[in-house]
$ cat target_3.txt   # compact mmCIF, C-alpha atoms
# COMPACT_ATOMS: atom_id res chain seq x y z
CA MET D 1 55.50 60.38 109.15
CA PRO D 2 58.72 61.63 110.68
CA GLU D 3 58.14 64.70 112.71
CA PRO D 4 60.73 67.36 112.16
CA THR D 5 61.42 69.51 115.13
CA PRO D 6 60.67 73.19 114.70
CA PRO D 7 64.20 74.38 113.95
CA PRO D 8 64.83 71.91 111.13
CA THR D 9 61.45 72.74 109.64
CA SER D 10 62.21 76.41 109.51
CA GLY D 11 65.71 75.56 108.36
CA PRO D 12 64.91 74.65 104.76
CA VAL D 13 62.97 77.85 104.47
CA ALA D 14 65.97 80.03 104.94
CA PRO D 15 68.19 78.59 102.17
CA GLU D 16 65.29 78.82 99.80
CA ARG D 17 64.96 82.47 100.54
CA GLU D 18 68.64 82.99 100.11
CA ARG D 19 68.47 81.36 96.78
CA ALA D 20 65.57 83.58 95.78
CA ALA D 21 66.82 86.88 97.07
CA HIS D 22 69.86 88.34 98.56
CA PRO D 23 68.40 89.89 101.70
CA ALA D 24 69.47 88.03 104.77
CA PRO D 25 66.92 85.88 106.65
CA GLU D 26 66.77 88.30 109.53
CA LYS D 27 65.60 91.05 107.19
CA GLU D 28 62.83 88.87 105.80
CA PRO D 29 59.90 90.34 107.75
CA GLU D 30 60.83 93.73 106.41
CA VAL D 31 60.75 92.46 102.86
CA THR D 32 57.38 90.82 103.20
CA THR D 33 55.59 93.52 105.09
CA GLY D 34 57.08 96.20 102.93
CA GLY D 35 56.44 94.44 99.65
CA PRO D 36 56.00 97.57 97.54
CA GLU D 37 59.34 98.92 98.82
CA PRO D 38 61.88 99.00 95.98
CA PRO D 39 64.22 96.07 96.48
CA PRO D 40 67.76 95.92 95.09
CA SER D 41 67.53 96.57 91.40
CA ARG D 42 69.59 93.58 90.35
CA HIS D 43 67.04 91.15 91.73
CA GLU D 44 63.89 92.96 90.88
CA TYR D 45 62.11 89.94 89.48
CA ALA D 46 63.13 87.66 92.28
CA SER D 47 62.05 90.09 94.92
CA LEU D 48 58.71 90.58 93.24
CA ARG D 49 58.20 86.87 93.44
CA GLU D 50 59.13 87.10 97.03
CA ALA D 51 56.44 89.70 97.66
CA ASP D 52 53.72 87.72 95.92
CA PRO D 53 52.50 85.31 98.63
CA PRO D 54 49.96 86.76 101.07
CA VAL D 55 51.20 88.02 104.35
CA PRO D 56 50.41 85.01 106.59
CA PHE D 57 52.41 82.60 104.52
CA VAL D 58 55.84 83.74 105.35
CA PRO D 59 56.50 81.83 108.49
CA THR D 60 59.12 83.45 110.59
CA ALA D 61 58.86 80.95 113.35
CA PRO D 62 57.40 77.43 113.11
CA SER D 63 55.43 76.57 109.95
CA GLY D 64 51.74 75.61 109.94
CA LEU D 65 52.57 71.94 109.70
CA SER D 66 54.91 72.03 112.65
CA ARG D 67 52.32 73.96 114.63
CA LEU D 68 49.79 71.26 113.78
CA MET D 69 52.19 68.58 114.90
CA ARG D 70 52.89 70.44 118.08
CA ALA D 71 49.18 70.78 118.71
CA LEU D 72 48.75 67.07 118.16
CA ARG D 73 51.41 66.33 120.73
CA ALA D 74 50.19 68.89 123.23
CA LYS D 75 49.24 67.71 126.69
CA PRO D 76 45.50 66.95 127.01
CA ASP D 77 43.59 69.63 128.89
CA LEU D 78 39.94 70.58 129.30
CA GLY D 79 39.89 72.72 126.16
CA GLN D 80 41.14 69.84 124.06
CA VAL D 81 38.47 67.57 125.50
CA ALA D 82 35.80 70.13 124.65
CA VAL D 83 37.11 70.50 121.11
CA GLY D 84 37.39 66.74 120.79
CA SER D 85 33.83 66.11 121.90
CA LEU D 86 32.49 68.75 119.51
CA VAL D 87 34.45 67.31 116.61
CA GLY D 88 33.26 63.86 117.63
CA LEU D 89 29.71 65.15 117.57
CA LEU D 90 30.32 66.40 114.04
CA GLY D 91 31.61 62.98 112.95
CA PHE D 92 28.66 61.28 114.58
CA ALA D 93 26.12 63.57 112.92
CA ALA D 94 27.82 63.30 109.55
CA ALA D 95 27.89 59.51 109.70
CA LEU D 96 24.23 59.45 110.75
CA GLN D 97 23.26 61.78 107.95
CA ILE D 98 25.13 59.77 105.36
CA GLN D 99 23.48 56.60 106.58
CA ALA D 100 20.09 58.29 106.54
CA ASP D 101 20.83 59.25 102.95
CA ASP D 102 21.17 55.61 102.15
CA ASP D 103 17.99 54.77 104.02
CA ASP D 104 15.32 57.00 102.57
CA LEU D 105 15.62 59.59 99.90
CA LEU D 106 12.06 60.81 100.10
CA THR D 107 11.96 62.11 103.68
CA ARG D 108 14.64 64.72 103.02
CA ALA D 109 13.49 65.65 99.53
CA ARG D 110 12.29 69.21 99.08
CA ARG D 111 8.77 69.98 98.07
CA ALA D 112 9.63 70.65 94.43
CA ASP D 113 11.43 67.34 94.16
CA LEU D 114 8.54 65.55 95.82
CA VAL D 115 6.08 67.14 93.42
CA GLN D 116 8.19 66.06 90.50
CA ILE D 117 8.51 62.52 91.82
CA LEU D 118 4.78 62.43 92.46
CA ASP D 119 4.13 63.66 88.92
CA GLY D 120 6.32 60.95 87.51
CA LEU D 121 4.65 58.28 89.58
CA THR D 122 1.18 59.50 88.67
CA GLU D 123 2.05 59.50 85.01
CA ARG D 124 3.48 56.03 85.29
CA GLY D 125 0.40 54.88 87.18
CA ASP D 126 -1.83 56.28 84.46
CA ARG D 127 0.18 54.51 81.83
CA LEU D 128 -0.02 51.22 83.68
CA GLU D 129 -3.73 51.75 84.27
CA SER D 130 -4.42 52.19 80.59
CA GLN D 131 -2.29 49.16 79.90
CA ILE D 132 -4.36 47.17 82.38
CA ALA D 133 -7.56 48.33 80.71
CA GLU D 134 -6.19 47.32 77.32
CA LEU D 135 -5.14 43.90 78.51
CA GLU D 136 -8.46 43.33 80.22
CA ALA D 137 -10.30 44.23 77.03
CA ASP D 138 -8.08 41.76 75.18
CA ARG D 139 -8.87 39.14 77.80
CA ARG D 140 -12.61 39.75 77.49
CA ASP D 141 -12.35 39.51 73.72
CA LEU D 142 -10.47 36.25 73.94
CA ILE D 143 -12.90 34.76 76.46
CA SER D 144 -15.97 35.72 74.46
CA GLY D 145 -14.18 34.52 71.32
CA ALA D 146 -13.58 31.19 72.97
CA ASP D 147 -17.22 31.10 74.01
CA SER D 148 -18.47 31.82 70.53
CA ASP D 149 -16.00 29.32 69.12
CA GLN D 150 -17.39 26.76 71.55
CA ALA D 151 -20.96 27.60 70.58
CA ALA D 152 -20.08 27.40 66.90
CA LEU D 153 -18.42 24.05 67.46
CA GLU D 154 -21.47 22.69 69.28
CA GLN D 155 -23.75 23.98 66.57
CA ALA D 156 -21.60 22.45 63.88
CA THR D 157 -21.44 19.14 65.71
CA THR D 158 -25.22 19.05 66.09
CA ARG D 159 -25.62 19.94 62.44
CA ALA D 160 -23.11 17.31 61.41
CA GLN D 161 -25.04 14.70 63.38
CA GLN D 162 -28.31 15.74 61.77
CA LEU D 163 -26.74 15.59 58.35
CA ALA D 164 -25.17 12.23 59.14
CA VAL D 165 -28.59 10.83 60.01
CA LEU D 166 -30.00 12.35 56.84
CA ALA D 167 -27.17 11.02 54.70
CA GLY D 168 -27.39 7.66 56.36
CA THR D 169 -23.83 7.61 57.64
CA ALA D 170 -24.92 7.46 61.28
CA ALA D 171 -27.26 5.19 63.16
CA ALA D 172 -30.54 6.76 64.27
CA SER D 173 -33.07 5.91 66.92
CA GLY D 174 -36.48 7.18 67.89
CA PRO D 175 -40.21 6.45 67.46
CA GLY D 176 -41.52 5.30 64.15
CA ILE D 177 -43.21 2.44 62.30
CA ILE D 178 -42.32 -0.95 61.01
CA VAL D 179 -43.94 -2.03 57.76
CA THR D 180 -43.64 -5.71 57.08
CA VAL D 181 -44.37 -6.82 53.51
CA THR D 182 -44.83 -10.52 52.90
CA ASP D 183 -44.80 -11.48 49.25
CA PRO D 184 -44.98 -15.21 48.70
CA ASP D 185 -45.55 -14.86 44.93
CA VAL D 186 -42.82 -12.27 44.39
CA GLY D 187 -45.43 -10.00 42.83
CA VAL D 188 -44.43 -6.83 44.60
CA ASP D 189 -42.07 -4.98 42.30
CA ALA D 190 -39.46 -2.37 42.91
CA LEU D 191 -41.74 0.46 41.85
CA THR D 192 -44.25 -0.42 44.55
CA LEU D 193 -41.56 -0.52 47.17
CA LEU D 194 -40.14 2.77 45.94
CA SER D 195 -43.56 4.38 46.17
CA ALA D 196 -43.79 3.07 49.74
CA VAL D 197 -40.48 4.79 50.50
CA GLN D 198 -41.75 7.98 48.86
CA GLU D 199 -44.88 7.88 50.99
CA MET D 200 -42.77 7.52 54.10
CA ARG D 201 -40.64 10.46 53.08
CA ASP D 202 -43.72 12.53 52.37
CA ALA D 203 -45.00 11.70 55.83
CA GLY D 204 -41.80 13.01 57.36
CA ALA D 205 -39.71 9.89 57.88
CA GLU D 206 -36.23 10.97 58.86
CA ALA D 207 -34.40 7.67 58.56
CA ILE D 208 -35.50 4.64 56.58
CA GLU D 209 -34.08 1.16 56.40
CA VAL D 210 -35.27 -1.75 54.38
CA ALA D 211 -34.42 -5.32 55.26
CA GLY D 212 -34.96 -8.47 53.29
CA ALA D 213 -35.00 -12.12 54.25
CA GLY D 214 -31.93 -13.29 56.03
CA ASP D 215 -29.45 -10.69 57.23
CA THR D 216 -29.71 -8.27 54.33
CA GLN D 217 -30.57 -4.68 55.13
CA VAL D 218 -30.02 -1.39 53.36
CA ARG D 219 -30.25 2.20 54.54
CA VAL D 220 -32.43 4.18 52.23
CA VAL D 221 -30.92 7.55 51.36
CA ALA D 222 -31.50 10.24 48.77
CA SER D 223 -29.54 8.40 46.10
CA SER D 224 -30.97 4.95 46.80
CA TYR D 225 -32.42 3.10 43.83
CA PHE D 226 -34.79 0.13 43.59
CA LEU D 227 -34.48 -2.38 40.75
CA ASP D 228 -36.45 -5.52 39.95
CA SER D 229 -34.35 -8.60 40.05
CA GLY D 230 -35.07 -12.34 39.64
CA ASP D 231 -36.81 -13.18 42.90
CA GLY D 232 -36.85 -9.94 44.77
CA VAL D 233 -35.49 -6.43 44.39
CA GLU D 234 -32.07 -4.90 44.30
CA VAL D 235 -31.55 -1.82 46.47
CA ASP D 236 -28.28 0.04 46.16
CA GLY D 237 -26.61 -3.07 44.82
CA VAL D 238 -27.90 -5.37 47.56
CA GLU D 239 -30.26 -8.20 46.64
CA LEU D 240 -33.27 -8.34 48.96
CA ARG D 241 -35.73 -11.18 49.12
CA PRO D 242 -39.23 -11.06 50.59
CA PRO D 243 -40.42 -10.65 53.21
CA TYR D 244 -39.36 -7.02 53.31
CA ARG D 245 -39.32 -5.03 56.46
CA PHE D 246 -39.22 -1.24 56.39
CA THR D 247 -38.15 0.62 59.48
CA ALA D 248 -38.93 4.32 59.34
CA ILE D 249 -38.25 6.83 62.10
CA GLY D 250 -40.65 9.72 62.31
CA GLU D 251 -44.02 10.64 63.80
CA PRO D 252 -45.60 7.14 64.10
CA GLU D 253 -49.27 8.16 63.65
CA THR D 254 -48.56 10.23 60.56
CA LEU D 255 -46.45 7.51 59.05
CA ALA D 256 -48.98 4.82 59.79
CA SER D 257 -51.86 6.77 58.30
CA ALA D 258 -49.73 7.60 55.26
CA MET D 259 -49.30 3.88 54.68
CA GLN D 260 -52.95 3.03 55.01
CA PHE D 261 -54.95 5.65 53.15
CA PRO D 262 -57.20 4.33 50.30
CA GLN D 263 -55.28 3.42 47.15
CA GLY D 264 -52.17 3.88 49.19
CA VAL D 265 -49.18 1.75 49.81
CA VAL D 266 -50.86 -1.04 51.69
CA SER D 267 -53.67 -1.45 49.18
CA ARG D 268 -51.24 -1.38 46.26
CA ILE D 269 -49.15 -4.10 47.83
CA THR D 270 -52.27 -6.10 48.40
CA ASP D 271 -53.14 -5.62 44.73
CA LYS D 272 -49.78 -7.09 43.75
CA GLY D 273 -50.46 -10.20 45.81
CA GLY D 274 -48.50 -9.23 48.88
CA ARG D 275 -49.52 -8.41 52.39
CA ALA D 276 -48.43 -5.41 54.40
CA THR D 277 -48.75 -4.87 58.13
CA VAL D 278 -47.96 -1.62 59.83
CA SER D 279 -47.01 -1.40 63.49
CA GLN D 280 -46.23 1.74 65.42
CA GLU D 281 -43.26 1.63 67.77
CA ASP D 282 -42.06 3.99 70.48
CA ALA D 283 -38.42 3.13 70.19
CA LEU D 284 -36.72 1.98 67.01
CA THR D 285 -33.18 1.87 65.88
CA VAL D 286 -31.97 2.23 62.33
CA ASP D 287 -28.43 0.98 62.31
CA ALA D 288 -27.76 0.03 58.73
CA LEU D 289 -25.28 2.55 57.35
CA HIS D 290 -24.83 4.04 53.95
CA GLU D 291 -21.31 4.58 52.77
CA ALA D 292 -21.12 8.04 51.31
CA ALA D 293 -19.01 8.20 48.18
CA PRO D 294 -17.01 11.37 47.72
CA HIS D 295 -18.51 13.79 45.26
CA GLU D 296 -16.75 13.83 41.97
CA TYR D 297 -18.23 16.96 40.44
CA ALA D 298 -20.19 18.85 43.06
CA SER D 299 -18.40 21.02 45.56
CA PRO D 300 -19.92 23.36 48.14
CA ALA D 301 -20.94 26.63 46.50
CA PRO D 302 -19.28 29.72 48.01
CA ASP D 303 -21.31 31.18 50.82
CA ASP D 304 -22.71 34.63 50.04
CA ASP D 305 -22.19 35.72 53.59
CA ALA D 306 -18.62 34.58 53.73
CA GLY D 307 -15.82 37.08 53.56
CA MET T 1 45.47 64.36 119.59
CA ILE T 2 42.27 64.23 121.61
CA PRO T 3 40.24 65.98 118.87
CA ALA T 4 41.47 63.48 116.29
CA ILE T 5 40.51 60.59 118.56
CA GLY T 6 37.16 62.25 119.21
CA LEU T 7 36.50 62.54 115.48
CA LEU T 8 37.26 58.88 114.91
CA LEU T 9 35.14 57.86 117.89
CA GLY T 10 32.23 59.97 116.64
CA ILE T 11 32.37 58.55 113.14
CA GLY T 12 32.62 55.03 114.51
CA ALA T 13 29.65 55.58 116.80
CA GLY T 14 27.60 57.07 113.97
CA VAL T 15 28.37 54.16 111.67
CA LEU T 16 27.95 51.39 114.21
CA LEU T 17 25.03 52.64 116.28
CA ASP T 18 21.68 52.49 114.55
CA VAL T 19 20.29 55.77 115.79
CA GLU T 20 17.20 57.20 114.15
CA VAL T 21 17.45 60.94 113.50
CA PRO T 22 14.43 62.63 115.13
CA LEU T 23 11.93 63.75 112.53
CA GLY T 24 11.90 67.36 113.65
CA LEU T 25 15.67 67.54 113.35
CA GLN T 26 15.95 65.92 109.96
CA PRO T 27 15.81 69.04 107.77
CA TYR T 28 18.48 70.79 109.88
CA LEU T 29 21.02 68.05 110.38
CA PRO T 30 22.68 68.36 106.95
CA ILE T 31 23.04 72.14 107.32
CA ALA T 32 24.33 71.75 110.86
CA VAL T 33 26.90 69.25 109.67
CA VAL T 34 28.14 71.61 106.98
CA ALA T 35 28.30 74.49 109.47
CA ALA T 36 30.27 72.35 111.92
CA LEU T 37 32.57 71.34 109.10
CA ASP T 38 33.21 75.01 108.42
CA ALA T 39 34.03 75.57 112.10
CA VAL T 40 36.39 72.59 112.15
CA PHE T 41 38.28 73.74 109.08
CA GLY T 42 38.45 77.23 110.55
CA GLY T 43 39.88 75.76 113.72
CA LEU T 44 42.43 73.73 111.78
CA ARG T 45 43.50 76.86 109.94
CA ALA T 46 43.79 78.72 113.23
CA VAL T 47 46.02 75.96 114.57
CA MET T 48 48.31 76.35 111.60
CA ASP T 49 48.24 80.13 111.87
CA GLY T 50 49.15 79.76 115.50
CA VAL T 51 46.11 81.65 116.75
CA PHE T 52 44.01 78.71 117.93
CA ASN T 53 41.97 79.13 121.05
CA ASP T 54 39.77 76.46 122.64
CA LYS T 55 37.16 78.88 123.80
CA VAL T 56 36.87 80.60 120.45
CA PHE T 57 36.57 77.25 118.72
CA VAL T 58 33.82 75.95 121.00
CA VAL T 59 31.84 79.16 120.76
CA SER T 60 32.22 79.43 117.00
CA PHE T 61 31.32 75.77 116.52
CA VAL T 62 28.15 75.97 118.58
CA ALA T 63 27.21 79.36 117.15
CA ASN T 64 27.80 78.20 113.57
CA VAL T 65 25.62 75.15 114.00
CA LEU T 66 22.84 76.97 115.79
CA ILE T 67 22.75 79.93 113.42
CA ALA T 68 22.80 77.72 110.33
CA ALA T 69 19.97 75.57 111.68
CA PHE T 70 18.05 78.65 112.75
CA ILE T 71 18.35 80.26 109.32
CA VAL T 72 17.02 77.13 107.67
CA PHE T 73 14.23 76.90 110.23
CA LEU T 74 13.33 80.52 109.56
CA GLY T 75 13.39 79.89 105.84
CA ASP T 76 11.06 76.93 106.23
CA GLN T 77 8.66 79.08 108.22
CA LEU T 78 8.79 81.77 105.56
CA GLY T 79 8.35 79.27 102.76
CA VAL T 80 11.78 79.84 101.25
CA GLY T 81 13.51 76.99 103.06
CA ALA T 82 14.99 75.47 99.94
CA GLN T 83 16.48 78.72 98.69
CA LEU T 84 17.74 79.79 102.09
CA SER T 85 19.40 76.47 102.80
CA THR T 86 21.05 76.70 99.39
CA ALA T 87 22.31 80.17 100.35
CA VAL T 88 23.68 78.90 103.66
CA ILE T 89 25.39 75.99 101.94
CA VAL T 90 26.94 78.34 99.38
CA VAL T 91 28.29 80.70 102.02
CA LEU T 92 29.64 77.89 104.19
CA GLY T 93 31.10 76.20 101.16
CA ILE T 94 32.97 79.34 100.18
CA ARG T 95 34.31 79.67 103.72
CA ILE T 96 35.37 76.04 103.79
CA PHE T 97 37.18 76.48 100.48
CA THR T 98 38.97 79.57 101.75
CA ASN T 99 40.05 77.83 104.95
CA VAL T 100 41.16 74.74 103.08
CA ALA T 101 43.13 76.93 100.68
CA THR T 102 44.97 78.51 103.61
CA ILE T 103 45.65 75.11 105.16
CA ARG T 104 46.90 73.87 101.84
CA ARG T 105 49.35 76.75 101.57
CA HIS T 106 50.59 75.94 105.03
CA LEU T 107 51.08 72.31 104.15
CA PHE T 108 52.47 72.52 100.64
CA ARG T 109 53.56 76.15 100.45
CA ALA T 110 51.59 76.48 97.27

$ encode --input "target_3.txt" --output "structure tokens"
Amino acid sequence: MPEPTPPPTSGPVAPERERAAHPAPEKEPEVTTGGPEPPPSRHEYASLREADPPVPFVPTAPSGLSRLMRALRAKPDLGQVAVGSLVGLLGFAAALQIQADDDDLLTRARRADLVQILDGLTERGDRLESQIAELEADRRDLISGADSDQAALEQATTRAQQLAVLAGTAAASGPGIIVTVTDPDVGVDALTLLSAVQEMRDAGAEAIEVAGAGDTQVRVVASSYFLDSGDGVEVDGVELRPPYRFTAIGEPETLASAMQFPQGVVSRITDKGGRATVSQEDALTVDALHEAAPHEYASPAPDDDAG
Amino acid sequence: MIPAIGLLLGIGAGVLLDVEVPLGLQPYLPIAVVAALDAVFGGLRAVMDGVFNDKVFVVSFVANVLIAAFIVFLGDQLGVGAQLSTAVIVVLGIRIFTNVATIRRHLFRA
């Protein structure tokens, strides 16, 4: 910035004044200090404008700016050093404070602000707490739901296995009896064999299989039928020839005694010219399978509990 | 010239040096800064008015800072620190505005 020397700076002031009012520059102080004094009537308005600015702003000698410039160029002395160090202190403190502002807002906050902030945080904490509780409850529900689902699945699987054994669609093993019927004269008819099966069922047989000569064997299920055929019996469409061998899984003692009571199965077979032997076994396997046909008319009745 | 250099040096030192403001001084530093600012603007105005005096400036600077800090300290002790510091800021702010207005008239004649 070019630095005008004092005279040129005050120079432009004078023409301006001349333009504004007639009084000569040397009379200027009079005009300003004696503002209320009636100026020449012709330039009433102009002189009023002249009187408007406050007293200090009519520089007679150097203007404020030129004074500032002069002060800037003044020779350094002790006073300037003192002023400089104080102003430097101000700059230092201001910079520190501004940086501290960036650092931490809480340390300088007033009590009311802190209380408000604390309130907000507490409220937020409460909200989050309740959210946590909600989510934990959800989690518990889901876990227990998974548990009960698991339990239900296990139960259903067990039940399905039991039903599969009952329906003859799964192999079964366990203790039971083997009844061997030899019938050289083919005198034992289907009815006798069916009554033997009924006796086994009555005695609690859980899985029954009947085998004929050769490799023919049939699983006996609820819908099994026995028919007389030429030289043997037909069970569920399979021709069986003597000797027959029943394998029944259940309580062996009960089954064996059910076979042998007076006028029972064994004696009836003997009457027909056959011979039956009963042996109790600890471990038997029934592995002939029945192929379940899909039901054409029956469908599961709606459960009363459901819904 | 020396004051201008001092101001720049001070700002530079404050920005570059990582000085922790002592905890006991923390509530008073902002007020002290504003008070010093008032003194500096007053001094600048005095320069332009042609009535500047080193001694007056130093005394008014130190006195401004100390009195402002003391008022805030007193307010804190009395339990009205927030209100009193607001009052000090308002007063100093008005003074700064007045001084700056005078300086402005000197500079722009308006």

$ closest_residue --input "target_3.txt" --among "T:Gly42, T:Gly93, T:Gly75, T:Gly50" --to "chain D" --atoms "all atoms listed in the file"
T:Gly50

$ closest_atom_pairs --input "target_3.txt" --of "chain D" --to "chain T" --cutoff "7 Å" --atoms "all atoms listed in the file" --output "JSON lines"
{"residue": "D:Phe57", "atom": "CA", "partner": "T:His106", "partner_atom": "CA", "distance": 6.9}
{"residue": "D:Ser63", "atom": "CA", "partner": "T:His106", "partner_atom": "CA", "distance": 6.9}
{"residue": "D:Gly64", "atom": "CA", "partner": "T:Met48", "partner_atom": "CA", "distance": 3.9}
{"residue": "D:Leu65", "atom": "CA", "partner": "T:Leu107", "partner_atom": "CA", "distance": 5.8}
{"residue": "D:Arg67", "atom": "CA", "partner": "T:Met48", "partner_atom": "CA", "distance": 5.6}
{"residue": "D:Leu68", "atom": "CA", "partner": "T:Met48", "partner_atom": "CA", "distance": 5.7}
{"residue": "D:Leu72", "atom": "CA", "partner": "T:Met1", "partner_atom": "CA", "distance": 4.5}
{"residue": "D:Arg73", "atom": "CA", "partner": "T:Met1", "partner_atom": "CA", "distance": 6.4}
{"residue": "D:Pro76", "atom": "CA", "partner": "T:Ile2", "partner_atom": "CA", "distance": 6.9}
{"residue": "D:Gly79", "atom": "CA", "partner": "T:Asp54", "partner_atom": "CA", "distance": 5.1}
{"residue": "D:Gln80", "atom": "CA", "partner": "T:Ile2", "partner_atom": "CA", "distance": 6.2}
{"residue": "D:Val81", "atom": "CA", "partner": "T:Ile2", "partner_atom": "CA", "distance": 6.4}
{"residue": "D:Val83", "atom": "CA", "partner": "T:Pro3", "partner_atom": "CA", "distance": 5.9}
{"residue": "D:Gly84", "atom": "CA", "partner": "T:Pro3", "partner_atom": "CA", "distance": 3.5}
{"residue": "D:Ser85", "atom": "CA", "partner": "T:Gly6", "partner_atom": "CA", "distance": 5.8}
{"residue": "D:Val87", "atom": "CA", "partner": "T:Leu7", "partner_atom": "CA", "distance": 5.3}
{"residue": "D:Gly88", "atom": "CA", "partner": "T:Leu7", "partner_atom": "CA", "distance": 4.1}
{"residue": "D:Leu89", "atom": "CA", "partner": "T:Gly10", "partner_atom": "CA", "distance": 5.8}
{"residue": "D:Leu90", "atom": "CA", "partner": "T:Val33", "partner_atom": "CA", "distance": 6.2}
{"residue": "D:Gly91", "atom": "CA", "partner": "T:Ile11", "partner_atom": "CA", "distance": 4.5}
{"residue": "D:Phe92", "atom": "CA", "partner": "T:Gly10", "partner_atom": "CA", "distance": 4.3}
{"residue": "D:Ala93", "atom": "CA", "partner": "T:Val33", "partner_atom": "CA", "distance": 6.6}
{"residue": "D:Ala94", "atom": "CA", "partner": "T:Val33", "partner_atom": "CA", "distance": 6.0}
{"residue": "D:Ala95", "atom": "CA", "partner": "T:Gly14", "partner_atom": "CA", "distance": 4.9}
{"residue": "D:Leu96", "atom": "CA", "partner": "T:Gly14", "partner_atom": "CA", "distance": 5.2}
{"residue": "D:Gln97", "atom": "CA", "partner": "T:Pro30", "partner_atom": "CA", "distance": 6.7}
{"residue": "D:Arg108", "atom": "CA", "partner": "T:Pro27", "partner_atom": "CA", "distance": 6.5}
{"residue": "D:Arg110", "atom": "CA", "partner": "T:Ala82", "partner_atom": "CA", "distance": 6.9}

$ closest_residue --input "target_3.txt" --among "T:Val51, T:Ile96, T:Leu25, T:Val90" --to "T:Ala69" --atoms "only C-alpha atoms"
T:Leu25

$ atom_distance --input "target_3.txt" --atom1 "atom CA of D:Tyr225" --atom2 "atom CA of D:Thr254"
24.3 Å

$ residues_around --input "target_3.txt" --residues "D:Leu106" --least-positions-apart "6" --cutoff "10 Å" --atoms "only C-alpha atoms" --output "list of chain:residue names"
D:Asp113, D:Leu114, D:Ile117

$ atom_distance --input "target_3.txt" --atom1 "atom CA of D:Pro252" --atom2 "atom CA of D:Asp236"
25.9 Å

$ atom_distance --input "target_3.txt" --atom1 "atom CA of D:Pro294" --atom2 "atom CA of D:Arg159"
19.1 Å

$ closest_residue --input "target_3.txt" --among "D:Ser229, D:Gln198, D:Gln150, D:Ser223" --to "D:Pro242" --atoms "only C-alpha atoms"
D:Ser229

$ closest_residue --input "target_3.txt" --among "T:Leu78, T:Leu92, T:Ile31, T:Ala87" --to "T:Leu66" --atoms "only C-alpha atoms"
T:Ile31

$ axis_aligned_box --input "target_3.txt" --around "stretch 39-48 of chain T" --padding-each-side "3 Å" --output "JSON"
{"center_x": 41.2, "center_y": 75.7, "center_z": 111.8, "size_x": 20.3, "size_y": 12.1, "size_z": 11.5}
